[in-house]
Every structure is written in structure tokens, then in C-alpha cells.
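start_25.txt (compact mmCIF, C-alpha atoms)
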# COMPACT_ATOMS: atom_id res chain seq x y z
CA MET A 1 1.90 -121.89 60.35
CA ASN A 2 1.49 -125.50 61.27
CA ASP A 3 0.32 -128.10 58.78
CA GLU A 4 -3.14 -128.42 60.31
CA ALA A 5 -3.73 -124.66 59.99
CA LEU A 6 -2.53 -124.74 56.37
CA ARG A 7 -4.92 -127.61 55.63
CA GLU A 8 -7.84 -125.77 57.16
CA ALA A 9 -7.02 -122.64 55.19
CA TYR A 10 -6.68 -124.67 51.99
CA ALA A 11 -10.06 -126.35 52.53
CA ALA A 12 -11.62 -122.93 53.15
CA LEU A 13 -9.93 -121.56 50.03
CA LEU A 14 -11.42 -124.32 47.86
CA ALA A 15 -14.85 -123.91 49.41
CA GLU A 16 -14.67 -120.16 48.82
CA ARG A 17 -13.63 -120.52 45.18
CA GLY A 18 -16.24 -123.11 44.31
CA SER A 19 -16.09 -124.61 40.84
CA ASP A 20 -16.98 -123.69 37.31
CA PRO A 21 -20.34 -125.35 36.48
CA ALA A 22 -19.36 -125.62 32.81
CA ARG A 23 -16.05 -127.21 33.82
CA THR A 24 -14.35 -125.87 30.72
CA ALA A 25 -10.88 -125.99 32.33
CA CYS A 26 -11.25 -129.49 33.77
CA PRO A 27 -9.22 -132.41 32.41
CA GLY A 28 -11.29 -135.13 30.74
CA THR A 29 -12.28 -138.24 32.66
CA GLU A 30 -9.80 -140.22 30.53
CA ALA A 31 -6.99 -137.90 31.64
CA LEU A 32 -7.99 -138.45 35.27
CA GLN A 33 -8.08 -142.20 34.68
CA ARG A 34 -4.63 -142.15 33.06
CA ALA A 35 -3.32 -140.33 36.13
CA VAL A 36 -4.93 -142.89 38.44
CA ALA A 37 -3.60 -145.81 36.39
CA ILE A 38 -0.13 -144.18 36.15
CA ARG A 39 -0.22 -144.20 32.37
CA GLY A 40 1.19 -141.53 30.06
CA PRO A 41 3.75 -138.77 30.58
CA GLU A 42 4.39 -137.78 34.18
CA ALA A 43 3.94 -134.09 33.38
CA ASP A 44 0.39 -134.77 32.18
CA ARG A 45 -0.40 -136.83 35.27
CA LEU A 46 0.99 -134.14 37.57
CA ALA A 47 -1.14 -131.54 35.82
CA ALA A 48 -4.30 -133.67 36.05
CA VAL A 49 -3.83 -134.40 39.75
CA ASN A 50 -2.91 -130.79 40.43
CA HIS A 51 -6.19 -129.70 38.90
CA ALA A 52 -8.19 -132.40 40.69
CA MET A 53 -6.84 -131.30 44.05
CA ALA A 54 -8.01 -127.74 43.41
CA CYS A 55 -11.41 -128.52 41.86
CA PRO A 56 -14.02 -130.24 44.08
CA PRO A 57 -15.97 -132.01 41.27
CA CYS A 58 -12.74 -133.33 39.72
CA ARG A 59 -11.48 -134.36 43.15
CA ARG A 60 -14.64 -136.40 43.64
CA GLU A 61 -14.19 -138.08 40.25
CA PHE A 62 -10.51 -138.66 40.92
CA GLU A 63 -11.28 -140.29 44.26
CA LEU A 64 -13.89 -142.58 42.72
CA LEU A 65 -11.50 -143.68 39.97
CA ARG A 66 -8.60 -144.05 42.41
CA ALA A 67 -10.61 -146.22 44.78
CA LEU A 68 -11.88 -148.42 41.92
CA GLN A 69 -8.37 -148.80 40.53
CA HIS A 70 -6.60 -149.45 43.81
CA ALA A 71 -9.08 -151.92 45.24
CA VAL A 72 -7.40 -155.10 44.08
CA PRO A 73 -9.61 -158.15 44.58
CA SER A 74 -8.02 -161.51 45.15
CA GLU A 75 -8.00 -163.47 41.91
CA ARG A 76 -10.19 -166.51 42.51
CA VAL A 77 -11.99 -168.28 39.71
CA LEU A 78 -13.23 -171.30 41.60
CA PRO A 79 -16.92 -172.22 41.46
CA ALA A 80 -18.64 -171.18 44.65
CA TRP A 81 -18.94 -174.74 46.04
CA LEU A 82 -15.27 -175.40 45.40
CA GLY A 83 -14.37 -172.12 47.08
CA LEU A 84 -16.38 -173.09 50.15
CA ALA A 85 -14.80 -176.52 50.21
CA ALA A 86 -11.34 -175.01 49.93
CA ALA A 87 -12.14 -172.53 52.71
CA ALA A 88 -13.37 -175.37 54.94
CA LEU A 89 -10.20 -177.37 54.25
CA LEU A 90 -8.10 -174.32 55.02
CA VAL A 91 -9.89 -173.78 58.30
CA VAL A 92 -9.24 -177.39 59.30
CA ALA A 93 -5.60 -177.17 58.22
CA VAL A 94 -5.05 -173.93 60.10
CA GLY A 95 -6.74 -175.38 63.19
CA LEU A 96 -4.38 -178.35 63.12
CA ALA A 97 -1.20 -176.61 62.15
CA VAL A 98 -1.18 -173.32 64.01
CA PRO A 99 0.51 -173.48 67.42
CA ARG A 100 -1.81 -173.31 70.39
CA TRP A 101 -0.53 -169.96 71.55
CA TRP A 102 -1.66 -168.40 68.35
CA ARG A 103 -5.24 -169.67 68.51
CA GLY A 104 -7.83 -167.12 69.39
CA ARG A 105 -5.78 -164.36 67.78
CA ALA A 106 -6.36 -165.37 64.18
CA ASP A 107 -9.31 -162.99 63.75
CA VAL A 108 -7.22 -159.95 64.57
CA VAL A 109 -6.77 -157.58 61.64
CA ARG A 110 -3.26 -156.25 61.21
CA GLY A 111 -2.65 -153.23 59.08
CA PRO A 112 0.54 -152.12 57.43
CA GLY A 113 2.92 -150.65 59.98
CA GLY A 114 1.46 -152.61 62.86
CA LEU A 115 -1.89 -150.95 63.58
CA THR A 116 -4.09 -153.83 64.68
CA LEU A 117 -7.84 -153.90 65.23
CA LEU A 118 -8.34 -155.91 68.41
CA ALA A 119 -12.06 -155.85 69.14
CA PRO A 120 -14.67 -156.63 68.01
CA ALA A 121 -13.09 -159.59 66.26
CA ALA A 122 -13.31 -159.47 62.48
CA GLY A 123 -16.58 -160.99 61.29
CA ALA A 124 -18.00 -161.31 64.83
CA THR A 125 -21.58 -160.62 65.84
CA VAL A 126 -21.54 -158.70 69.10
CA PRO A 127 -24.19 -157.25 71.43
CA ALA A 128 -24.35 -153.54 72.23
CA PRO A 129 -22.72 -151.62 73.84
CA VAL A 130 -19.61 -152.05 71.73
CA ASP A 131 -16.18 -150.68 72.49
CA LEU A 132 -13.83 -150.53 69.54
CA VAL A 133 -10.29 -151.38 70.58
CA TRP A 134 -7.05 -151.25 68.61
CA SER A 135 -3.35 -151.55 69.26
CA ARG A 136 -1.16 -148.62 70.26
CA VAL A 137 1.20 -147.31 67.58
CA PRO A 138 4.44 -145.92 69.00
CA GLY A 139 4.69 -142.20 68.40
CA ALA A 140 1.05 -141.77 67.38
CA ALA A 141 -0.23 -138.28 68.23
CA ARG A 142 -3.84 -139.28 67.66
CA TYR A 143 -6.07 -141.93 66.15
CA GLU A 144 -8.90 -141.40 63.72
CA VAL A 145 -11.68 -143.98 63.89
CA LEU A 146 -14.16 -144.45 61.09
CA VAL A 147 -17.18 -146.76 61.17
CA LEU A 148 -19.32 -147.16 58.06
CA GLY A 149 -22.71 -148.74 57.63
CA HIS A 150 -23.35 -151.38 55.02
CA ALA A 151 -24.43 -148.73 52.51
CA GLY A 152 -21.22 -146.80 53.08
CA ASP A 153 -22.82 -144.20 55.34
CA THR A 154 -20.61 -142.77 58.06
CA LEU A 155 -21.79 -143.87 61.50
CA LEU A 156 -18.84 -142.70 63.57
CA ARG A 157 -15.89 -140.47 62.79
CA GLN A 158 -13.88 -139.71 65.86
CA ARG A 159 -10.44 -138.41 66.75
CA THR A 160 -8.94 -139.61 69.97
CA SER A 161 -5.59 -140.02 71.68
CA ASP A 162 -6.85 -143.23 73.29
CA THR A 163 -6.85 -146.70 71.74
CA THR A 164 -10.55 -147.26 72.28
CA ALA A 165 -13.81 -145.62 71.21
CA ALA A 166 -17.41 -146.35 72.06
CA LEU A 167 -19.81 -147.16 69.25
CA PRO A 168 -22.86 -144.84 69.45
CA ASP A 169 -26.09 -146.33 70.75
CA GLY A 170 -29.08 -146.93 68.53
CA LEU A 171 -27.36 -148.38 65.47
CA PRO A 172 -29.43 -150.97 63.62
CA PRO A 173 -28.51 -154.58 64.34
CA GLY A 174 -28.10 -157.25 61.73
CA ALA A 175 -26.14 -155.44 59.00
CA PRO A 176 -22.35 -155.62 58.84
CA LEU A 177 -20.46 -152.47 59.87
CA LEU A 178 -17.05 -151.70 58.42
CA TRP A 179 -14.40 -149.92 60.47
CA HIS A 180 -10.78 -148.93 60.40
CA VAL A 181 -8.40 -146.75 62.38
CA THR A 182 -5.67 -144.38 61.23
CA ALA A 183 -2.79 -143.54 63.57
CA VAL A 184 -1.38 -140.10 62.86
CA ARG A 185 2.23 -139.80 63.95
CA GLY A 186 2.98 -136.44 62.44
CA PRO A 187 2.94 -134.46 59.22
CA ALA A 188 2.85 -136.84 56.27
CA ASP A 189 3.22 -139.82 58.57
CA SER A 190 0.21 -141.97 59.28
CA VAL A 191 -0.54 -145.67 59.53
CA ARG A 192 -3.92 -147.13 58.67
CA SER A 193 -5.26 -150.47 59.77
CA ASP A 194 -6.84 -152.86 57.33
CA PRO A 195 -10.62 -152.49 57.43
CA ALA A 196 -12.64 -155.09 59.33
CA SER A 197 -16.34 -155.73 59.73
CA PHE A 198 -18.58 -156.85 62.55
CA THR A 199 -22.32 -157.09 63.10
CA LEU A 200 -24.44 -155.84 65.98
CA ALA A 201 -26.55 -158.59 67.51
CA PRO A 202 -30.28 -157.96 67.93
CA PRO A 203 -31.16 -156.90 71.47
CA MET B 1 -31.58 -145.37 34.63
CA THR B 2 -34.04 -146.93 32.24
CA GLU B 3 -33.08 -150.53 32.77
CA HIS B 4 -34.22 -152.56 35.72
CA PRO B 5 -31.29 -153.85 37.76
CA PRO B 6 -30.84 -157.50 36.82
CA ASP B 7 -30.52 -160.39 39.22
CA LEU B 8 -27.14 -162.04 38.98
CA SER B 9 -26.04 -165.30 40.47
CA PRO B 10 -25.18 -165.34 44.18
CA ALA B 11 -21.54 -166.03 43.26
CA ILE B 12 -21.32 -162.89 41.13
CA GLU B 13 -23.24 -160.81 43.67
CA ALA B 14 -20.79 -161.96 46.34
CA ALA B 15 -17.85 -160.99 44.13
CA LEU B 16 -19.44 -157.58 43.48
CA ARG B 17 -20.04 -157.02 47.19
CA GLN B 18 -16.48 -158.00 48.02
CA TYR B 19 -15.11 -155.62 45.43
CA ALA B 20 -17.41 -152.77 46.55
CA ASP B 21 -16.24 -153.30 50.16
CA LEU B 22 -12.63 -153.09 49.02
CA VAL B 23 -13.36 -149.89 47.09
CA ARG B 24 -15.04 -148.36 50.14
CA GLY B 25 -12.02 -149.32 52.24
CA VAL B 26 -9.67 -147.56 49.82
CA GLY B 27 -11.82 -144.50 49.22
CA GLN B 28 -13.45 -143.72 52.53
CA ARG B 29 -10.48 -141.80 53.93
CA HIS B 30 -10.71 -139.22 51.18
CA GLY B 31 -14.44 -138.78 50.96
CA LEU B 32 -15.43 -141.32 48.34
CA ASP B 33 -19.14 -140.73 47.92
CA PRO B 34 -21.08 -143.97 48.51
CA MET B 35 -23.71 -142.80 46.02
CA ASP B 36 -21.08 -142.55 43.28
CA LEU B 37 -19.96 -146.07 44.05
CA ASP B 38 -23.52 -147.39 44.12
CA GLU B 39 -24.18 -145.86 40.70
CA VAL B 40 -21.06 -147.44 39.23
CA MET B 41 -21.79 -150.85 40.74
CA GLN B 42 -25.31 -150.74 39.33
CA GLU B 43 -23.81 -150.06 35.91
CA VAL B 44 -21.40 -152.97 36.43
CA ARG B 45 -24.32 -155.29 37.21
CA ILE B 46 -26.02 -154.32 33.97
CA ARG B 47 -22.83 -154.82 31.95
CA LEU B 48 -22.17 -158.22 33.49
CA TRP B 49 -25.75 -159.25 32.92
CA ARG B 50 -25.48 -158.31 29.25
CA ALA B 51 -22.07 -159.91 28.87
CA LEU B 52 -23.00 -163.15 30.61
CA GLY B 53 -26.37 -163.70 29.01
CA GLN B 54 -28.30 -166.34 30.89
CA GLY B 55 -25.51 -167.13 33.28
CA GLU B 56 -23.85 -170.00 31.43
CA ARG B 57 -20.46 -168.36 31.96
CA ILE B 58 -20.88 -167.60 35.62
CA GLY B 59 -17.75 -169.53 36.55
CA ALA B 60 -15.68 -167.45 34.14
CA VAL B 61 -16.06 -164.13 35.94
CA ARG B 62 -12.71 -163.23 37.39
CA PRO B 63 -12.45 -160.58 40.11
CA LEU B 64 -10.05 -158.52 38.02
CA TYR B 65 -12.61 -158.56 35.21
CA ILE B 66 -15.08 -156.99 37.63
CA ARG B 67 -12.54 -154.29 38.44
CA ARG B 68 -11.87 -153.57 34.77
CA THR B 69 -15.60 -153.40 34.11
CA ALA B 70 -16.06 -151.06 37.07
CA VAL B 71 -13.32 -148.66 35.94
CA SER B 72 -14.75 -148.56 32.44
CA ALA B 73 -18.29 -148.11 33.80
CA ALA B 74 -17.11 -145.26 36.04
CA ILE B 75 -15.56 -143.41 33.10
CA ASP B 76 -18.85 -143.68 31.21
CA VAL B 77 -20.92 -142.61 34.22
CA LEU B 78 -18.69 -139.58 34.80
CA ARG B 79 -18.66 -138.69 31.11
CA ARG B 80 -22.47 -138.79 30.97
CA ARG B 81 -22.67 -136.61 34.05
CA ARG B 82 -20.38 -134.04 32.52
CA LEU B 83 -22.43 -133.98 29.32
CA ARG B 84 -25.52 -133.32 31.40
CA ARG B 85 -23.51 -130.82 33.44
CA GLU B 86 -24.97 -132.51 36.44
CA GLN B 87 -23.98 -131.07 39.76
CA PRO B 88 -23.12 -133.78 42.26
CA VAL B 89 -25.21 -134.04 45.36
CA ALA B 90 -23.22 -132.47 48.19
CA ALA B 91 -21.67 -135.09 50.42
CA ASP B 92 -22.55 -134.98 54.09
CA GLU B 93 -20.36 -132.53 55.89
CA GLU B 94 -18.04 -134.02 58.44
CA PRO B 95 -18.80 -132.76 61.90
CA SER B 96 -16.22 -130.19 62.88
CA PRO B 97 -14.17 -131.37 65.87
CA LEU B 98 -14.35 -127.92 67.43
CA PRO B 99 -17.12 -125.33 67.27
CA PRO B 100 -16.17 -122.39 65.05
CA THR B 101 -14.82 -119.45 66.95
CA PRO B 102 -16.78 -116.22 66.51
CA ASP B 103 -14.57 -113.93 64.42
CA THR B 104 -14.60 -110.20 64.30
CA PRO B 105 -14.99 -108.67 60.82
CA GLU B 106 -11.28 -107.70 60.92
CA ARG B 107 -10.27 -111.24 61.76
CA ARG B 108 -12.42 -112.63 58.95
CA ALA B 109 -10.82 -110.18 56.55
CA GLU B 110 -7.34 -111.25 57.70
CA ARG B 111 -8.17 -114.89 57.20
CA GLY B 112 -9.62 -114.16 53.77
CA GLU B 113 -6.45 -112.32 52.83
CA PHE B 114 -4.35 -115.20 54.09
CA ARG B 115 -6.31 -117.66 51.95
CA ARG B 116 -5.85 -115.47 48.90
CA ARG B 117 -2.09 -115.41 49.46
CA LEU B 118 -2.01 -119.13 50.14
CA GLY B 119 -3.61 -119.68 46.73
CA GLN B 120 -1.02 -117.41 45.11
CA ALA B 121 1.86 -119.14 46.89
CA ILE B 122 0.70 -122.62 45.85
CA GLU B 123 0.29 -121.58 42.24
CA ALA B 124 3.87 -120.24 42.25
CA LEU B 125 5.33 -123.62 43.31
CA ALA B 126 7.29 -125.76 40.82
CA PRO B 127 5.04 -128.04 38.71
CA SER B 128 6.48 -131.17 40.36
CA ARG B 129 5.81 -129.87 43.87
CA GLN B 130 2.46 -128.20 43.38
CA PRO B 131 0.26 -131.33 43.13
CA VAL B 132 2.20 -132.96 45.94
CA VAL B 133 1.57 -130.02 48.26
CA ARG B 134 -2.06 -129.80 47.20
CA MET B 135 -2.58 -133.51 47.88
CA TYR B 136 -0.97 -133.16 51.29
CA LEU B 137 -3.12 -130.14 52.15
CA ALA B 138 -6.16 -132.13 50.99
CA GLY B 139 -5.31 -134.83 53.55
CA TYR B 140 -3.27 -137.42 51.63
CA SER B 141 -0.25 -139.01 53.32
CA SER B 142 3.16 -139.18 51.68
CA GLY B 143 2.57 -142.93 51.14
CA GLU B 144 -0.63 -142.23 49.24
CA ILE B 145 1.05 -139.50 47.21
CA ALA B 146 3.82 -141.94 46.28
CA GLU B 147 1.21 -144.52 45.28
CA VAL B 148 -0.69 -142.08 43.07
CA PHE B 149 2.42 -141.08 41.10
CA GLY B 150 4.18 -144.45 41.16
CA TRP B 151 7.10 -143.03 43.13
CA THR B 152 9.01 -144.34 46.10
CA GLU B 153 7.79 -142.91 49.37
CA ALA B 154 11.23 -141.33 49.86
CA LYS B 155 10.79 -139.35 46.65
CA ALA B 156 7.28 -138.27 47.62
CA ARG B 157 8.47 -137.17 51.08
CA ASN B 158 11.37 -135.27 49.57
CA LEU B 159 9.14 -133.37 47.15
CA LEU B 160 6.60 -132.78 49.90
CA TYR B 161 9.07 -131.36 52.42
CA ARG B 162 10.71 -129.17 49.81
CA GLY B 163 7.31 -128.05 48.59
CA LEU B 164 6.10 -127.17 52.09
CA ASP B 165 9.34 -125.31 52.85
CA ASP B 166 8.96 -123.42 49.60
CA LEU B 167 5.31 -122.68 50.37
CA ARG B 168 6.14 -121.26 53.79
CA ALA B 169 8.96 -119.16 52.36
CA ARG B 170 6.63 -117.75 49.71
CA LEU B 171 3.94 -117.00 52.27
CA THR B 172 6.47 -115.17 54.39
CA ALA B 173 7.63 -113.23 51.36
CA LEU B 174 3.99 -112.32 50.67
CA GLY B 175 3.76 -110.85 54.15
CA CYS B 176 2.09 -113.75 55.96
CA HIS B 177 3.44 -114.47 59.40
CA PRO B 178 2.97 -117.48 61.68
CA GLU B 179 0.52 -115.56 63.84
CA ALA B 180 -1.70 -115.04 60.80
CA LEU B 181 -3.37 -118.36 61.56
CA ALA B 182 -3.14 -118.34 65.31
Representation of the structure as C-alpha cells:
Amino acid sequence: MNDEALREAYAALLAERGSDPARTACPGTEALQRAVAIRGPEADRLAAVNHAMACPPCRREFELLRALQHAVPSERVLPAWLGLAAAALLVVAVGLAVPRWWRGRADVVRGPGGLTLLAPAAGATVPAPVDLVWSRVPGAARYEVLVLGHAGDTLLRQRTSDTTAALPDGLPPGAPLLWHVTAVRGPADSVRSDPASFTLAPP
Amino acid sequence: MTEHPPDLSPAIEAALRQYADLVRGVGQRHGLDPMDLDEVMQEVRIRLWRALGQGERIGAVRPLYIRRTAVSAAIDVLRRRRLRREQPVAADEEPSPLPPTPDTPERRAERGEFRRRLGQAIEALAPSRQPVVRMYLAGYSSGEIAEVFGWTEAKARNLLYRGLDDLRARLTALGCHPEALA
């Protein structure tokens, strides 16, 4: 009984059970939010998460609240023009101060644990065809690549043992695409890159 | 939605887009529905518009204020949905990496029985291990489990390994063998 087989069986079990339309046994949204924000007694939070993981509608709510809570924006309160000026100054300072050997690598996105998105460069506009390339993670059994459109729609979800994947043809140019890669090393052991975006150039 | 989405300043729209991108980055691995996020962000726009009036306080909008507004808006959106007993639109199914194998009726029955016992075995786990095992089986890593409960990753791993060992022992005791899922 390997972990993958258990996961498949668990997913099938949840799909088979479905959910109660009246949702009488579901924890309230506040209880889910307290669990996400790590507030209140641990026993209550364990119970709320336990339910959410067994109830598809609650899981969906939990995931929305979790993503909203854990997306931590950088705290900037500068007026837009001052922000742009500061960014321009920073670019100049970085250009002057960073050693030459480092130049050209500054647009690489490094994730926790060393998974790095290599190409396309973050923020670049690139012509099709596009090959997505990332760094090898020692011990990784496979990589999972996800590319999202600007509206959050999934454009590519692929598992591979390689460190490259081809972007499908026919995607619309001009809108930024967001992508990231997860390296799976084993049960309960994965490393995810930071997300990065790029734009397809018009043909 | 009875209110027309307001136009906010480019600075606030940029902050909203940045936050929504961050949220997508966090949530995409576990099936965050983009439509849910869009609905919440629309609600955030309306709240900011009301709170900021004609835009004289545009410079005072802090990113963390946007996050607080979004969390509060999400709770209200979800609460309204529950009151309406609205069924969410089914998310797009992920393409299966392998085509399903044609099962015989006996094989389907065996798998169904295995799932039933898996459900029993999970429900018999200790309360501290049960959500951890469920999260893992739902695709969360030990790091994410630790983050959700505010634990160290070592603690999450420990509970997870013990929980999985316990789960396998219970499945075996219920008559499930490794070949049951072969």
C-alpha cells in the first residue's frame, strides 16, 4: 500500500461519499477561518481541518481562506511615483554594486530548498515555442509543472522526471502567464519554486 | 451582485492584482478555484471603494489592509453562499496522468470495499493524527501541514509518520493487504 495508492483511494472515497447539501455537520466559516489563522484551542482547529479534509465544499472554503491568509504582500505605503522612483534607484544601485559574474542571473527565481526557475526569465516576453526550464533538485523523483493563465485558468499541468517541459502551442500572446514547479522527493517531502511570470510575444 | 464594480485608482488596482497573484501562487497547488478568488476580489474592490470615498485616501491603503479586507470579504461571501445553500460550480477536473484501467465487476467491488475500510481506519485514528493523515492523503506536504497548525515541521512529520503507520496497521487488521491496491 504505497502512499500514492492510498491517496488515490482517499480521493475516490471522498468522491463516492459526496457531501451533504444542507451542510448541517459542517463547521462555520468562522471556525474554518480560526483554524486558518491559528487562533483558538488546538483541538477545535484540528477538528475543523479534519472535517474540511473530508468534505469537498468545506475543503474548497478552507483552501480559499488559507490562500488569502497566507499570501503576505510586502508592506509598501509609498505613493506610486515614489515607488517607481525607488525601484529605478534600486535598479541603478544593483547594476553598479553587483559583481559582474552575477549579472544576467538576477531574474532567476529561487524557491525555498533550491528549486530555481531558469527560463523563461521572470517578467520576460518571449516568442513561441517556449521551453520551461528549471534547476535539478537532488533526490527528486519527479517534477510537477503548473502554468496558469492570467485569469487563473490552468494551461499546463505536467509531471515529468526531466527538468524541462514544452509550453503547449496556441496559447494567447500578450497576457502574463504564471508558472511554478514542485520537486517531489518522496512521501511528505517536496520543494516548490517561487512562482514567476512571463508573457508570450505576438507572432 | 447588484452593484457595478467600481473603478479604483491604478495604484490600488496594482496592489489588488499583486495580492491576487500571491493568493493564486499559494492556493493553486491545492485546487484554489479562480472563480472563488475573483468573487472575493470583486467584493474587496467594492469595500475599498466605499471605504475610500472619492479616492482622497488612496495613499493610505496598505497591502496588509487589503489582505484583512479580503479575508473578511471571503467570510461574508462564504456565509452568504451557505445561507443560499449554493452548490459550488465543479472545478475543472485535472487530466488523469494514466487512462483508467478497465476493471472487472469483482475488482471494482474489491476496490469499493477497500475504500470503505480506509474510511473506517482513518476515523479510528487518534484526533491529533487524523487531520494530519487526511491532509497528507489530500496532497499536502508535511511543511504545509506544519504551517496550517503552527507546528514545527519535525512535529508534523512525526505525527504524519505515526499516523500513516497506524493507518496501515489498522487496514491490515481490517483484512486489507498490500495487493489490495495493486
Review point. What does the distance from atom CA of A:Pro195 to atom CA of B:Glu144 come to in Å, to one decimal?
Key: 16.5 Å
Check your understanding: Using all atoms listed in the file, which of the listed residues (B:Ala73, B:Thr104, B:Gln42, B:Met135) sits closest to chain A?
Key -> B:Met135
Selection near A:Val126, 12 Å with all atoms listed in the file, sequence-local residues under 3 positions removed, as a PDB file with C-alpha atoms, in the frame of the given file:
ATOM      1  CA  ALA A 119     -12.060-155.850  69.140  1.00  0.00           C
ATOM      2  CA  PRO A 120     -14.670-156.630  68.010  1.00  0.00           C
ATOM      3  CA  ALA A 121     -13.090-159.590  66.260  1.00  0.00           C
ATOM      4  CA  ALA A 122     -13.310-159.470  62.480  1.00  0.00           C
ATOM      5  CA  GLY A 123     -16.580-160.990  61.290  1.00  0.00           C
ATOM      6  CA  PRO A 129     -22.720-151.620  73.840  1.00  0.00           C
ATOM      7  CA  VAL A 130     -19.610-152.050  71.730  1.00  0.00           C
ATOM      8  CA  ASP A 131     -16.180-150.680  72.490  1.00  0.00           C
ATOM      9  CA  LEU A 132     -13.830-150.530  69.540  1.00  0.00           C
ATOM     10  CA  LEU A 167     -19.810-147.160  69.250  1.00  0.00           C
ATOM     11  CA  PRO A 173     -28.510-154.580  64.340  1.00  0.00           C
ATOM     12  CA  GLY A 174     -28.100-157.250  61.730  1.00  0.00           C
ATOM     13  CA  ALA A 175     -26.140-155.440  59.000  1.00  0.00           C
ATOM     14  CA  PRO A 176     -22.350-155.620  58.840  1.00  0.00           C
ATOM     15  CA  LEU A 177     -20.460-152.470  59.870  1.00  0.00           C
ATOM     16  CA  SER A 197     -16.340-155.730  59.730  1.00  0.00           C
ATOM     17  CA  PHE A 198     -18.580-156.850  62.550  1.00  0.00           C
ATOM     18  CA  THR A 199     -22.320-157.090  63.100  1.00  0.00           C
ATOM     19  CA  LEU A 200     -24.440-155.840  65.980  1.00  0.00           C
ATOM     20  CA  ALA A 201     -26.550-158.590  67.510  1.00  0.00           C
ATOM     21  CA  PRO A 202     -30.280-157.960  67.930  1.00  0.00           C
ATOM     22  CA  PRO A 203     -31.160-156.900  71.470  1.00  0.00           C
TER      23      PRO A 203
END
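The chain B residues that come within 6 Å of chain A are Leu22, Val23, Val26, Gly27, Leu32, Pro34, Gly59, Arg62, Pro63, Arg115, Pro131, Arg134, Leu137, Ser141, Ser142 and Pro178 of chain B, with all atoms listed in the file taken into account.
Residues within 8 Å of B:Ile145, counting all atoms listed in the file and excluding same-chain residues fewer than 3 positions away, are Val132, Met135, Tyr136, Tyr140, Ser141, Ser142, Val148, Phe149, Glu153 and Ala156 of chain B.
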Hey, can you spit out that residue selection with C-alpha atoms as a short mmCIF file (atom, residue, chain, number, x, y, z; two decimals), in the frame of the given file?
data_model
loop_
_atom_site.label_atom_id
_atom_site.label_comp_id
_atom_site.auth_asym_id
_atom_site.auth_seq_id
_atom_site.Cartn_x
_atom_site.Cartn_y
_atom_site.Cartn_z
CA VAL B 132 2.20 -132.96 45.94
CA MET B 135 -2.58 -133.51 47.88
CA TYR B 136 -0.97 -133.16 51.29
CA TYR B 140 -3.27 -137.42 51.63
CA SER B 141 -0.25 -139.01 53.32
CA SER B 142 3.16 -139.18 51.68
CA VAL B 148 -0.69 -142.08 43.07
CA PHE B 149 2.42 -141.08 41.10
CA GLU B 153 7.79 -142.91 49.37
CA ALA B 156 7.28 -138.27 47.62
#
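Atom CA of B:Val40 lies 9.3 Å from atom CA of B:Leu78.
Note that the spacing between atom CA of B:Thr172 and atom CA of B:Gly139 amounts to 22.9 Å.
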